[in-house]
Amino acid sequence: MSFRLRIFLLVLVVAGSAIGATAWLTLSLASRELTRVAEARDRHEAEIVDAIRLFGVLNGQWAGIDAVVGDLSDRTGLHIRVETHDGDVLTDSDNLEQRAAGPVQLLPSNVEPVPALDMAVQLAAHKAGALIESKLTAAGKEASGVRPIAVLRRPELPEDLFAPAAATETPSMRALIQAAQYRAALIAVRCMADVGDWAPTLTTERPPYLDDERIKAVPKCVGDAITAVRRDVTWRDEAWAGMGDCELTGSGYDKCLLLGFQRAVSSPSVSPVEIYFGARQDQDLDVLQQPALLGVAALLLLAALGTAGIARRVSRPVRLLTGASLQLAAGRLDVRVPTRGEDELARLSGAFNAMAEALQRSEERQRRLVADVAHELRTPLSNLRGYLEGLADGVIEPSPELFASLHEETLLQRRILDDLQVLALAEAGELGYDPVPLDLSELTEMAATAHRVVAGNAGIDVVVDAPEPVEVCADPDRMRQVVGNLMSNAIRYTDAGGRVELSVSRDGPDAILTVHDTGVGMNADEVARVFDRFWRADPARQRATGGSGLGLTIVRRIVADQGGDVTATSEPGLGTTFTVRLPAVTDIARILDHRPPRP
């Protein structure tokens with residue numbers, strides 16, 4: 001081996017070592033800074049979230065949150081940004097320090113600024129629900145007189161709202177009183193701030209939210225606040241609607257009561273917020289830049305001795321990956337790095353691009369879902385707000401027709417939220433199923449009977465072709481929901497004089513349910529998207545009839561969870577056919593004979 005060759009190989013080794021060391025040092029220092037931010041967030045996230053939540057609960061508004069965020073940023077060394085769910089920035093710790101806002105992490109921490117339901121009330125609800133459930137279990141689910149009846153009438157609030165609630169009151173009533181105390185306390189402290197030298201802040205986050213000193217200081221403000229809450233019949237009716245019937249849920253009494261209480265104390269002036277974290281812009285970055293510059297200088301020196309090509313081949317992908325990684329951490333999800341060849345660096349670049357692509361798709365799906373939900377709720381909420389403001393200003397005269405319209409808008413929002421909840425539970429694997437042997441033909445007949453009135457009012461005929469029993473093992477309630485959603489969809493998109501046909505049959509080991517309508521139909525592109533969330537072939541038609549845009553998505557999820565699948569075929573102007581395929585049960589009699597008897 002010649003000296004020249006030895007020198008050349010040595011230079012190659014040195015150059016390779018320098019390139020590798022520079023790349024490792026640059027990446028490790030950059031990742032160290034990202035790790036520092038992540039560790040700081042892990043240490044202080046709970047503290048920051050609790051402090052901002054407590055501010056929202058005690059103030060009932062976000063005015064003045066700047067001081068809290070500035071103090072938290074100083075103590076934790078983090079860049080903190082607080083935004084609403086609509087993307088409006090309430091405050092940014094970098095801006096508070098007269099600096100341009102730096103990048104933040106993509107995943108925020110959500111803050112719901114609502115007070116907690118008294119633990120004694122939750123325990124009482126839990127015990128009452130457990131007692132009801134035990135009675136139902138002992139007496140049988142069909143036993144009458146065990147499950148409480150629906151609460152039809154809202155009780156009145158006590159005259160002294162801030163007095164301790166009587167222990168003999170039901171958990172639902174105690175929760176309603178606590179929610180009323182919170183609303184009245186916020187009104188009272190704002191009144192006290194207007195008439196005297198008092199801060200417009202609650203003295204505690206626990207009921208009754210005002211201490212004796214504040215209650216006795218300006219009794220007129222307290223009295224006016226109690227009167228305002230007592231006169232707000234709409235709020236009390238809505239609050240009682242969410243809590244009064246929770247006893248009917250049995251073992252879910254406490255959970256139902258907690259959700260109803262949280263909805264009741266939610267105030268339009270205090271919206272939920274998101275907290276984003278990042279590195280403070282005053283951090284000294286020279287320690288990150290200096291080693292990288294030294295490495296680049298050494299690399300250029302070695303390249304002058306004959307390894308420029310190899311140095312570029314190795315260092316350039318590393319620098320691209322480093323820059324792309326930092327951009328990705330700063331929120332640039334569309335960043336990609338070029339890939340050349342088939343070596344390890346090329347595979348690493350390909351893996352990075354695949355990771356960035358997956359992150360971008362996930363973020364786009366989340367944004368689309370949030371945008372779809374916001375779009376679906378914006379119209380009915382705008383209608384409600386406009387009419388309510390008109391009623392409050394006296395521009396619109398109240399009438400039964402107006403209240404019926406407002407009630408319909410409220411029901412539409414509730415249907416959207418209910419469907420979203422069912423879909424979220426299904427996709428999380430938490431939607432409960434109770435499969436039993438059942439006759440799909442009989443179930444389809446019953447569903448058709450339930451929808452014939454609606455179809456008849458629309459001038460549509462409903463025809464069922466189920467000549468013989470077809471047995472499946474599925475959850476009856478969920479299957480009724482499947483058939484109901486398919487029929488509602490068919491009726492919605494079929495004009496007067498049309499027909500909806502349902503048929504049930506066997507195809508080898510499968511049970512087949514088809515729902516065919518003679519409606520407007522769809523083209524191939526529309527059929528491909530028919531099971532997407534909030535997608536509508538005819539948005540105007542579906543909005544007019546109150547559809548949530550989630551019915552077919554729920555159908556596909558329920559059928560898939562029970563081992564089946566659903567497909568759609570359609571032709572414009574000729575109608576649409578949905579086909580549900582489920583595993584059939586061949587020996588239903590033997591299964592029914594060997595089922596354990598009901599207790």
# chains A, B, ... in the order shown; residues from 1 in each chain; ligands from 1
call {"tool": "residues_around", "arguments": {"residues": "stretch 56-60 of chain A", "least_positions_apart": "3", "cutoff": "10 Å", "atoms": "only C-alpha atoms", "output": "count of residues only"}}
result
38
call {"tool": "closest_residue", "arguments": {"among": "A:Asp194, A:Asp118, A:Pro155, A:Gly563", "to": "A:Phe261", "atoms": "only C-alpha atoms"}}
result
A:Asp118
call {"tool": "atom_distance", "arguments": {"atom1": "atom CA of A:Leu333", "atom2": "atom CA of A:Thr91"}}
result
24.2 Å
call {"tool": "residues_around", "arguments": {"residues": "stretch 75-85 of chain A", "least_positions_apart": "4", "cutoff": "8 Å", "atoms": "only C-alpha atoms", "output": "list in words"}}
result
Val37, Ala40, Arg41, His44, Val69, Asp71, Val89, Leu90, Thr91, Asp92, Ser93, Asp94, Gly102, Val104, Ser271, Pro272, Val273, Glu274, Ile275, Tyr276, Phe277, Gly278, Ala279, Arg280 and Gln281 of chain A
call {"tool": "residues_around", "arguments": {"residues": "stretch 565-581 of chain A", "least_positions_apart": "6", "cutoff": "10 Å", "atoms": "only C-alpha atoms", "output": "JSON, numbers by chain"}}
result
{"A": [482, 483, 486, 487, 490, 493, 494, 498, 499, 500, 501, 502, 503, 504, 505, 506, 507, 509, 510, 511, 512, 513, 514, 515, 516, 517, 518, 519, 520, 521, 522, 523, 524, 526, 527, 528, 530, 531, 552, 555, 556, 557, 558, 559]}
call {"tool": "atom_distance", "arguments": {"atom1": "atom CA of A:Leu320", "atom2": "atom CA of A:Val337"}}
result
6.4 Å
call {"tool": "select_by_dssp", "arguments": {"residues": "stretch 89-130 of chain A", "states": "strand (DSSP E)", "output": "JSON, numbers by chain"}}
result
{"A": [89, 90, 91, 92, 109, 110, 111]}
